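Engineer: One structure is given below, represented as structure tokens, and several questions about it will come after.
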Amino acid sequence: MNESDRTSTALMTDMYEYTMLDAALQDGTANRRSVFEVYTRHLPEGRRYGVVAGTGRILDAIEHFRPTEEELRFLSDRRIVSPATIKWLENFRFTGTIRGYREGEIFFPNSPVLQVEGGFGECTLLETIILSILNYDSAVASAASRMVSAAKGRPCMDMGARRANECAAVSAARAAVVGGFQGTSNLLAAQRYGFKAIGTAAHSFTLLHDKERDAFVAQINALGRNTTLLTDTYSIDEAVRTAVEVAGPDLGGVRIDSGDLGSLAQRVRHQLDALGATKATITVTNDLDEYAIASLQTAPVDSYGVGTMLVTGSGSPTCAMVYKLTERENSSGAMQAVAKKSVGKASVPGRKLAYRSYEYNLANAEHVISGTEEALAGFNPEPDWRDLLVTYVDHGSINEEYQGGQAVLKARDHRARALNELPIGALSLMRGEPILPTTIETI
């Protein structure tokens, strides 16, 4: 089932989106052409880059942003909006245009990650759902990317479902794959997006049986010799010995979920090899983050299962993205750049173009060009500048290329390419400034 097959998303929003719509309809400004921009003023402290994730989910949500009769009754009964606005909402469909960084792209402070253009009323209704998706998904994908880099080519798997809200767990699994993860324990995410599903048994399965050997025999009988056996319920040494005795040299692998993972992995690797299970793999779990994974780079670990720190963005569960009006039609019918001047929260007026420049095939700067539609129409970027914006929605028509499971895998591949083009300092886990400077030019 695709995300767009589910129920309406029209109430996944804040009340003031609807009250603004109501007031704008009453004073005649609701249909004024407007441009909203999503960006973050800063990355989480010390981070070198962020990864865009969630745009495919936004497209799914927009498809279903259609108030049902029951939702319209709720809005009416609570007197959140007027009867005239209820009438306006009856056949609501987003008819605007959305452009932005493609999913899996690297972003920095002030990157125009998403631009939403259309009538003020239809654009303002989408603010909350867009921010809730982009902020969380991009936070998880950014953390996942750091973990994947630390893993140095060894697979990372999502095991965070039990550490998040049941709906967020599915979103996190998707974002983790955008960030470079190879699979998930969450079956709904695996079904919805076609991801590899992983998982065998927990400690409770071992404890259920009179002997650890009985549990291993039962698991092998059910799943085959290529399964992965959990070895730290009692004694790891004894469990590994029993695992090889039961499965033979064709044992698929073992999992370690506690203790000094590096030292234990080294000892288990030697033990497996000595017992003839030279092809058996070692998976480690237990509250891993990018720093723990980096500390295990020299250990004989074959894959990592990551839970809590993945679904919480490794300490940064949001990207602090905001949704700001940057250009709108004035009372004369002309488009006019606008901005807020609040202390510490000032915005840059005008719609944006975004490019990345390269030297010797290595990215060296982000370039954001701001201005009115008329001014930007004549802008000519430098020959080595790469356009970062793609069109997701064109006058209400959604580009299906960016939806579904294959789009997630393409986003994962794009993240890998984009990260490979950054200066090597982007991979550092040491605190530092964004790896690329961002210049903002108003024309």
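Scheme for the structure tokens: letters A, B, ... for chains in order shown; per-chain residue numbers from 1; ligand numbers from 1 in order shown.
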When you look at stretch 368-383 of chain A with a cut-off of 6 Å (counting only C-alpha atoms), what residues show up, excluding the ones that are within fewer than 6 positions of it in the same chain? I need them as a PyMOL selection string.

Structural biologist: chain A and resi 350-354+440-443

Engineer: Just write the chosen residues, all heavy atoms, as a tab-separated table (two decimals), in the first residue's frame.

Structural biologist:
chain	number	residue	atom	x	y	z
A	350	GLY	N	12.21	37.39	-1.74
A	350	GLY	CA	12.27	36.93	-3.12
A	350	GLY	C	12.36	35.43	-3.26
A	350	GLY	O	12.86	34.73	-2.38
A	351	ARG	N	11.87	34.93	-4.39
A	351	ARG	CA	12.02	33.50	-4.70
A	351	ARG	C	13.49	33.20	-4.95
A	351	ARG	O	14.29	34.11	-5.15
A	351	ARG	CB	11.15	33.11	-5.90
A	351	ARG	CG	11.61	33.71	-7.22
A	351	ARG	CD	10.70	33.24	-8.35
A	351	ARG	NE	9.36	33.78	-8.21
A	351	ARG	CZ	8.26	33.13	-8.59
A	351	ARG	NH1	8.37	31.91	-9.12
A	351	ARG	NH2	7.08	33.67	-8.45
A	352	LYS	N	13.85	31.93	-4.95
A	352	LYS	CA	15.27	31.58	-4.98
A	352	LYS	C	15.61	30.63	-6.14
A	352	LYS	O	14.80	29.78	-6.53
A	352	LYS	CB	15.69	30.90	-3.67
A	352	LYS	CG	15.30	31.65	-2.39
A	352	LYS	CD	15.98	32.97	-2.24
A	352	LYS	CE	15.74	33.56	-0.85
A	352	LYS	NZ	14.32	33.81	-0.52
A	353	LEU	N	16.82	30.77	-6.63
A	353	LEU	CA	17.48	29.76	-7.44
A	353	LEU	C	18.62	29.21	-6.59
A	353	LEU	O	19.14	29.92	-5.72
A	353	LEU	CB	18.03	30.35	-8.74
A	353	LEU	CG	17.02	31.02	-9.68
A	353	LEU	CD1	17.74	31.65	-10.88
A	353	LEU	CD2	15.98	30.02	-10.15
A	354	ALA	N	19.02	27.99	-6.84
A	354	ALA	CA	20.09	27.39	-6.04
A	354	ALA	C	21.02	26.59	-6.93
A	354	ALA	O	20.58	25.79	-7.76
A	354	ALA	CB	19.51	26.50	-4.94
A	440	ILE	N	24.60	34.27	-0.71
A	440	ILE	CA	23.25	34.70	-1.09
A	440	ILE	C	23.36	36.02	-1.85
A	440	ILE	O	23.89	37.00	-1.33
A	440	ILE	CB	22.35	34.87	0.13
A	440	ILE	CG1	22.27	33.55	0.92
A	440	ILE	CG2	20.95	35.32	-0.29
A	440	ILE	CD1	21.46	33.65	2.19
A	441	GLU	N	22.90	36.01	-3.08
A	441	GLU	CA	22.96	37.20	-3.93
A	441	GLU	C	21.56	37.61	-4.32
A	441	GLU	O	20.77	36.77	-4.79
A	441	GLU	CB	23.79	36.92	-5.18
A	441	GLU	CG	23.86	38.07	-6.16
A	441	GLU	CD	24.61	37.73	-7.43
A	441	GLU	OE1	25.16	36.63	-7.51
A	441	GLU	OE2	24.60	38.58	-8.35
A	442	THR	N	21.21	38.86	-4.12
A	442	THR	CA	19.91	39.36	-4.52
A	442	THR	C	20.05	40.18	-5.80
A	442	THR	O	20.91	41.05	-5.91
A	442	THR	CB	19.32	40.24	-3.41
A	442	THR	OG1	19.17	39.47	-2.21
A	442	THR	CG2	17.95	40.77	-3.81
A	443	ILE	N	19.20	39.84	-6.79
A	443	ILE	CA	19.29	40.56	-8.05
A	443	ILE	C	17.96	41.25	-8.37
A	443	ILE	O	16.94	40.95	-7.76
A	443	ILE	CB	19.69	39.63	-9.22
A	443	ILE	CG1	18.65	38.51	-9.39
A	443	ILE	CG2	21.06	39.03	-8.97
A	443	ILE	CD1	18.93	37.65	-10.61

Engineer: DSSP says strand (DSSP E or B) for which residues of stretch 192-426 of chain A? Put them as a ChimeraX atom specification?

Structural biologist: /A:197,228-230,253-256,281-284,303-306,321-329,335-337,351-359,362-371,385-387,389-394,397-398

Engineer: Fewer than 2 positions away in the same chain doesn't count, so skip those; otherwise give me all residues within 12 Å of stretch 219-222 of chain A, counting only C-alpha atoms, as a ChimeraX atom specification.

Structural biologist: /A:199-202,205-206,209,212-217,224-230,243-248,250-253

Engineer: Using only C-alpha atoms, which residues of stretch 43-87 of chain A come within 10 Å of stretch 118-128 of chain A, and what is the closest atom pair for each, with the distance in Å to one decimal? Give it as a Markdown table, sorted by chain and residue number.

Structural biologist:
| residue | atom | partner | partner_atom | distance |
| --- | --- | --- | --- | --- |
| A:Ile58 | CA | A:Leu126 | CA | 9.3 |
| A:Ala61 | CA | A:Leu126 | CA | 9.3 |
| A:Ile62 | CA | A:Leu126 | CA | 7.8 |
| A:Phe65 | CA | A:Leu126 | CA | 8.4 |

Engineer: Neighbouring residues of A:Gly432 were defined as those with any atom within 8 Å, considering only C-alpha atoms; residues of the same chain fewer than 5 positions away were excluded. Please report them as a PyMOL selection string.

Structural biologist: chain A and resi 46-48

Engineer: If we count only C-alpha atoms and set the cut-off at 6 Å, which residues sit around stretch 319-334 of chain A, ignoring sequence neighbours fewer than 4 positions away in its own chain? Please answer as a list in words.

Structural biologist: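 Selected residues are Arg32, Arg33, Ser34, Val35, Phe36, Glu37, Val38, Tyr39, Thr40, Asn135, Ala139, Val338, Ala339, Pro349 and Gly350 of chain A.
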
Engineer: Could you turn the residues from that selection into a file that holds N, CA and C atoms, as a PDB file, in the first residue's frame?

Structural biologist:
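Below is the file part_3.pdb, written as the result:
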ATOM      1  N   ARG A  32      -4.266  35.498  -3.889  1.00  0.00           N
ATOM      2  CA  ARG A  32      -3.067  36.210  -4.334  1.00  0.00           C
ATOM      3  C   ARG A  32      -1.926  35.211  -4.547  1.00  0.00           C
ATOM      4  N   ARG A  33      -1.316  35.279  -5.689  1.00  0.00           N
ATOM      5  CA  ARG A  33      -0.201  34.385  -6.001  1.00  0.00           C
ATOM      6  C   ARG A  33       0.913  34.598  -4.990  1.00  0.00           C
ATOM      7  N   SER A  34       1.441  33.510  -4.451  1.00  0.00           N
ATOM      8  CA  SER A  34       2.436  33.589  -3.380  1.00  0.00           C
ATOM      9  C   SER A  34       3.512  32.536  -3.571  1.00  0.00           C
ATOM     10  N   VAL A  35       4.686  32.821  -3.015  1.00  0.00           N
ATOM     11  CA  VAL A  35       5.798  31.869  -3.029  1.00  0.00           C
ATOM     12  C   VAL A  35       6.283  31.699  -1.594  1.00  0.00           C
ATOM     13  N   PHE A  36       6.223  30.466  -1.113  1.00  0.00           N
ATOM     14  CA  PHE A  36       6.749  30.130   0.213  1.00  0.00           C
ATOM     15  C   PHE A  36       8.040  29.331   0.043  1.00  0.00           C
ATOM     16  N   GLU A  37       8.930  29.482   1.000  1.00  0.00           N
ATOM     17  CA  GLU A  37      10.232  28.796   0.937  1.00  0.00           C
ATOM     18  C   GLU A  37      10.487  28.058   2.244  1.00  0.00           C
ATOM     19  N   VAL A  38      11.005  26.834   2.126  1.00  0.00           N
ATOM     20  CA  VAL A  38      11.420  26.053   3.297  1.00  0.00           C
ATOM     21  C   VAL A  38      12.940  26.057   3.361  1.00  0.00           C
ATOM     22  N   TYR A  39      13.470  26.415   4.518  1.00  0.00           N
ATOM     23  CA  TYR A  39      14.924  26.411   4.719  1.00  0.00           C
ATOM     24  C   TYR A  39      15.212  26.311   6.202  1.00  0.00           C
ATOM     25  N   THR A  40      16.452  26.061   6.549  1.00  0.00           N
ATOM     26  CA  THR A  40      16.864  26.099   7.942  1.00  0.00           C
ATOM     27  C   THR A  40      17.895  27.204   8.126  1.00  0.00           C
ATOM     28  N   ASN A 135      11.189  18.170   8.480  1.00  0.00           N
ATOM     29  CA  ASN A 135      12.022  18.319   9.674  1.00  0.00           C
ATOM     30  C   ASN A 135      12.427  16.971  10.260  1.00  0.00           C
ATOM     31  N   ALA A 139      16.105  14.976   9.491  1.00  0.00           N
ATOM     32  CA  ALA A 139      16.923  14.750  10.688  1.00  0.00           C
ATOM     33  C   ALA A 139      17.386  13.301  10.757  1.00  0.00           C
ATOM     34  N   VAL A 338       8.960  39.889  -0.440  1.00  0.00           N
ATOM     35  CA  VAL A 338       8.654  40.284   0.934  1.00  0.00           C
ATOM     36  C   VAL A 338       9.560  39.514   1.889  1.00  0.00           C
ATOM     37  N   ALA A 339       9.709  40.061   3.095  1.00  0.00           N
ATOM     38  CA  ALA A 339      10.549  39.403   4.102  1.00  0.00           C
ATOM     39  C   ALA A 339      10.176  39.896   5.482  1.00  0.00           C
ATOM     40  N   PRO A 349      14.216  38.230   1.173  1.00  0.00           N
ATOM     41  CA  PRO A 349      13.055  38.380   0.296  1.00  0.00           C
ATOM     42  C   PRO A 349      13.290  37.772  -1.091  1.00  0.00           C
ATOM     43  N   GLY A 350      12.207  37.390  -1.739  1.00  0.00           N
ATOM     44  CA  GLY A 350      12.269  36.932  -3.116  1.00  0.00           C
ATOM     45  C   GLY A 350      12.359  35.425  -3.262  1.00  0.00           C
TER      46      GLY A 350
END

Engineer: From the set A:Asn364, A:Thr231, A:Ser357, A:Gln336, which residue has the shortest atom-to-atom contact distance to A:Ile435, counting only C-alpha atoms?

Structural biologist: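 Smallest distance to A:Ile435 is found for A:Asn364.
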
Engineer: Give me, as a Markdown table, each residue of stretch 48-121 of chain A that comes within 7 Å of stretch 387-396 of chain A, together with its shortest interatomic pair and the distance in Å at one decimal, counting only C-alpha atoms, with rows ordered by chain and rising residue number.

Structural biologist:
| residue | atom | partner | partner_atom | distance |
| --- | --- | --- | --- | --- |
| A:Phe94 | CA | A:Gly396 | CA | 5.6 |
| A:Thr95 | CA | A:Gly396 | CA | 3.8 |
| A:Gly96 | CA | A:His395 | CA | 4.5 |
| A:Thr97 | CA | A:Asp394 | CA | 4.6 |
| A:Ile98 | CA | A:Val393 | CA | 4.8 |
| A:Arg99 | CA | A:Thr391 | CA | 4.4 |
| A:Gly100 | CA | A:Leu389 | CA | 4.8 |
| A:Tyr101 | CA | A:Leu389 | CA | 4.9 |
| A:Arg102 | CA | A:Val390 | CA | 6.2 |

Engineer: Atom CA of A:Leu188 to atom CA of A:Arg255: how many Å, to one decimal?

Structural biologist: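 Atom CA of A:Arg255 lies 23.5 Å from atom CA of A:Leu188.
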
Engineer: Residues at most 12 Å from A:Ile80, counting only C-alpha atoms, excluding those fewer than 3 positions away in the same chain, as a PyMOL selection string?

Structural biologist: chain A and resi 11+14-23+71-77+83-86

Engineer: Excluding same-chain residues fewer than 6 positions from A:Ala363, what lies within 9 Å of it counting only C-alpha atoms, as a ChimeraX atom specification?

Structural biologist: /A:356-357,418,421-423,436

Engineer: Rank nothing, just name the residue among A:Arg386, A:Val52, A:Glu105, A:Asp210 nearest to A:Asn361, using only C-alpha atoms.

Structural biologist: A:Arg386

Engineer: How would you write, as a PyMOL selection string, the set of residues in stretch 291-434 of chain A that DSSP gives as alpha helix (DSSP H)?

Structural biologist: chain A and resi 291-295+308-311+373-377+405-420

Engineer: Find, counting only C-alpha atoms, the residue in A:Pro44, A:Pro112, A:Ala169, A:Glu103 that gets nearest to A:Val348.

Structural biologist: A:Pro112

Engineer: Using only C-alpha atoms, find each residue in stretch 76-193 of chain A having at least one atom no more than 10 Å away from stretch 270-290 of chain A; report its shortest atom-to-atom pair and that distance in Å (one decimal), rows by chain then rising number, as CSV.

Structural biologist:
residue,atom,partner,partner_atom,distance
A:Ala143,CA,A:Glu290,CA,7.7
A:Ala144,CA,A:Glu290,CA,8.2
A:Ser145,CA,A:Glu290,CA,9.0
A:Arg146,CA,A:Glu290,CA,6.0
A:Met147,CA,A:Glu290,CA,4.3
A:Val148,CA,A:Glu290,CA,7.9
A:Ser149,CA,A:Glu290,CA,8.3
A:Ala150,CA,A:Glu290,CA,6.0
A:Ala151,CA,A:Glu290,CA,8.0
A:Pro155,CA,A:Thr283,CA,9.6
A:Cys156,CA,A:Thr283,CA,9.6
A:Met157,CA,A:Thr285,CA,9.7
A:Met159,CA,A:Thr285,CA,8.8
A:Gly160,CA,A:Asp287,CA,9.8
